[in-house]
Amino acid sequence: MAPGPCAADHTGGMSSVFLYFPGGPLSTAELSAACLDGHLVGLGEGYVPADTVETASLRAASLRSLAGVHLAAILDSAAWVHGALDEPPVRHRLQRASDRRLHEPIGRRFVYRDPRIPDADLRRVGGVAVTTVPRTVADLARSGTPEHRGVLERFDRDALASGVRWLDASRRVPHKHAALRTLAEILRTR
């Protein structure tokens, strides 16, 4: 099964020619049949041809139906986009990336945080806002959860060091000192 010239996602925008969403050119039944036949595999919130090389751009673009243009992938969702995780989280983590406040988005597939992320801590990947690697590492370290520590351990030394630099340069960041200790512990094992 060859992809069409451009696959439309169900938010009305255009995405990669390798990415299909339910409600796009293929129905949910057609997508399921293509998966059963081995032509497509799931990727985030969409589907790609089985032989497609998974890239950060495709991973991020697969989140467009959840994030749209106003939300950013954060924490383990951003770590997945950046390649630190092989599988996407069961529930994605999203945070406001726009200046204007939103009616709180609700969904079973994601957890939403309202504080706005500064533009300097975001980059657009595959048309979706994602926290930068330094911000992602710093946020995972600041969360203090064992699960997020496990995610941190999957990042390379350069990424971890960039998180330390982000924390060092930041003022009034909650849990900064605990995050720096966590990152120092992980870096010592490298």
# chains A, B, ... in the order shown; residues from 1 in each chain; ligands from 1
$ select_by_dssp --residues "segment 2-185 of chain A" --states "alpha helix (DSSP H)" --output "PyMOL selection string"
chain A and resi 28-36+56-61+64-67+75-81+133-143+146-152+157-169+176-185
$ residues_around --residues "Leu180 of chain A" --least-positions-apart "4" --cutoff "10 Å" --atoms "only C-alpha atoms" --output "ChimeraX atom specification"
/A:138,141-142,163-165,167-168,175-176,184-186
$ residues_around --residues "His92 of chain A" --least-positions-apart "3" --cutoff "9 Å" --atoms "only C-alpha atoms" --output "PDB file with N, CA and C atoms, in the first residue's frame"
ATOM      1  N   LEU A  63       1.399  13.569  16.898  1.00  0.00           N
ATOM      2  CA  LEU A  63       0.705  14.155  18.056  1.00  0.00           C
ATOM      3  C   LEU A  63      -0.163  15.353  17.684  1.00  0.00           C
ATOM      4  N   LEU A  66      -3.665  15.738  18.937  1.00  0.00           N
ATOM      5  CA  LEU A  66      -3.809  16.060  20.360  1.00  0.00           C
ATOM      6  C   LEU A  66      -3.338  17.472  20.666  1.00  0.00           C
ATOM      7  N   ALA A  73       4.236  19.277  23.437  1.00  0.00           N
ATOM      8  CA  ALA A  73       4.580  18.006  24.071  1.00  0.00           C
ATOM      9  C   ALA A  73       5.662  18.276  25.116  1.00  0.00           C
ATOM     10  N   ILE A  74       5.479  17.738  26.306  1.00  0.00           N
ATOM     11  CA  ILE A  74       6.414  17.942  27.409  1.00  0.00           C
ATOM     12  C   ILE A  74       6.757  16.598  28.051  1.00  0.00           C
ATOM     13  N   LEU A  75       7.696  16.616  28.982  1.00  0.00           N
ATOM     14  CA  LEU A  75       8.079  15.473  29.802  1.00  0.00           C
ATOM     15  C   LEU A  75       8.312  14.216  28.963  1.00  0.00           C
ATOM     16  N   ASP A  76       7.649  13.093  29.307  1.00  0.00           N
ATOM     17  CA  ASP A  76       7.923  11.849  28.588  1.00  0.00           C
ATOM     18  C   ASP A  76       7.441  11.872  27.150  1.00  0.00           C
ATOM     19  N   SER A  77       6.439  12.697  26.824  1.00  0.00           N
ATOM     20  CA  SER A  77       6.014  12.835  25.426  1.00  0.00           C
ATOM     21  C   SER A  77       7.118  13.495  24.606  1.00  0.00           C
ATOM     22  N   ALA A  78       7.713  14.544  25.158  1.00  0.00           N
ATOM     23  CA  ALA A  78       8.834  15.199  24.472  1.00  0.00           C
ATOM     24  C   ALA A  78      10.035  14.263  24.405  1.00  0.00           C
ATOM     25  N   PRO A  88       5.730   5.503  22.775  1.00  0.00           N
ATOM     26  CA  PRO A  88       5.110   6.696  23.340  1.00  0.00           C
ATOM     27  C   PRO A  88       4.478   6.386  24.694  1.00  0.00           C
ATOM     28  N   PRO A  89       4.341   7.394  25.536  1.00  0.00           N
ATOM     29  CA  PRO A  89       3.676   7.146  26.822  1.00  0.00           C
ATOM     30  C   PRO A  89       2.205   6.784  26.591  1.00  0.00           C
ATOM     31  N   ARG A 109      -6.407  10.645  26.293  1.00  0.00           N
ATOM     32  CA  ARG A 109      -5.077  10.315  25.770  1.00  0.00           C
ATOM     33  C   ARG A 109      -3.988  11.260  26.268  1.00  0.00           C
ATOM     34  N   PHE A 110      -4.346  12.286  27.044  1.00  0.00           N
ATOM     35  CA  PHE A 110      -3.329  13.227  27.486  1.00  0.00           C
ATOM     36  C   PHE A 110      -3.668  13.846  28.829  1.00  0.00           C
ATOM     37  N   VAL A 111      -2.610  14.373  29.475  1.00  0.00           N
ATOM     38  CA  VAL A 111      -2.726  15.159  30.706  1.00  0.00           C
ATOM     39  C   VAL A 111      -2.280  16.563  30.327  1.00  0.00           C
ATOM     40  N   TYR A 112      -3.063  17.573  30.719  1.00  0.00           N
ATOM     41  CA  TYR A 112      -2.805  18.963  30.319  1.00  0.00           C
ATOM     42  C   TYR A 112      -2.342  19.794  31.502  1.00  0.00           C
TER      43      TYR A 112
END
$ closest_residue --among "A:Ser170, A:Thr182, A:Ser32, A:Ser62" --to "Arg149 of chain A" --atoms "only C-alpha atoms"
A:Thr182
$ closest_residue --among "A:Gly150, A:Ala61, A:Gly24, A:Pro49" --to "Leu85 of chain A" --atoms "only C-alpha atoms"
A:Gly150
$ atom_distance --atom1 "atom CA of Glu30 of chain A" --atom2 "atom CA of Ser65 of chain A"
18.9 Å
$ closest_residue --among "A:Gly126, A:Gly83, A:Gly107, A:Gly46" --to "Thr28 of chain A" --atoms "only C-alpha atoms"
A:Gly46
$ residues_around --residues "Ser57 of chain A" --least-positions-apart "4" --cutoff "12 Å" --atoms "only C-alpha atoms" --output "ChimeraX atom specification"
/A:15-16,18-19,43-44,53,61-64,78,80-83,123-130
$ closest_residue --among "A:Ala34, A:Ala178, A:Ile106, A:Ala67" --to "Val48 of chain A" --atoms "only C-alpha atoms"
A:Ala34
$ residues_around --residues "Leu122 of chain A" --least-positions-apart "6" --cutoff "12 Å" --atoms "only C-alpha atoms" --output "list in words"
His70, Leu71, Ala72, Ala73, Ile74, Ala78, Gln95, Arg96, Ala97, Ser98, Arg116, Val128, Ala129, Val130, Thr131, Thr132, Val133, Pro134, Arg135 and Thr136 of chain A
$ select_by_dssp --residues "chain A" --states "strand (DSSP E)" --output "count of residues only"
28
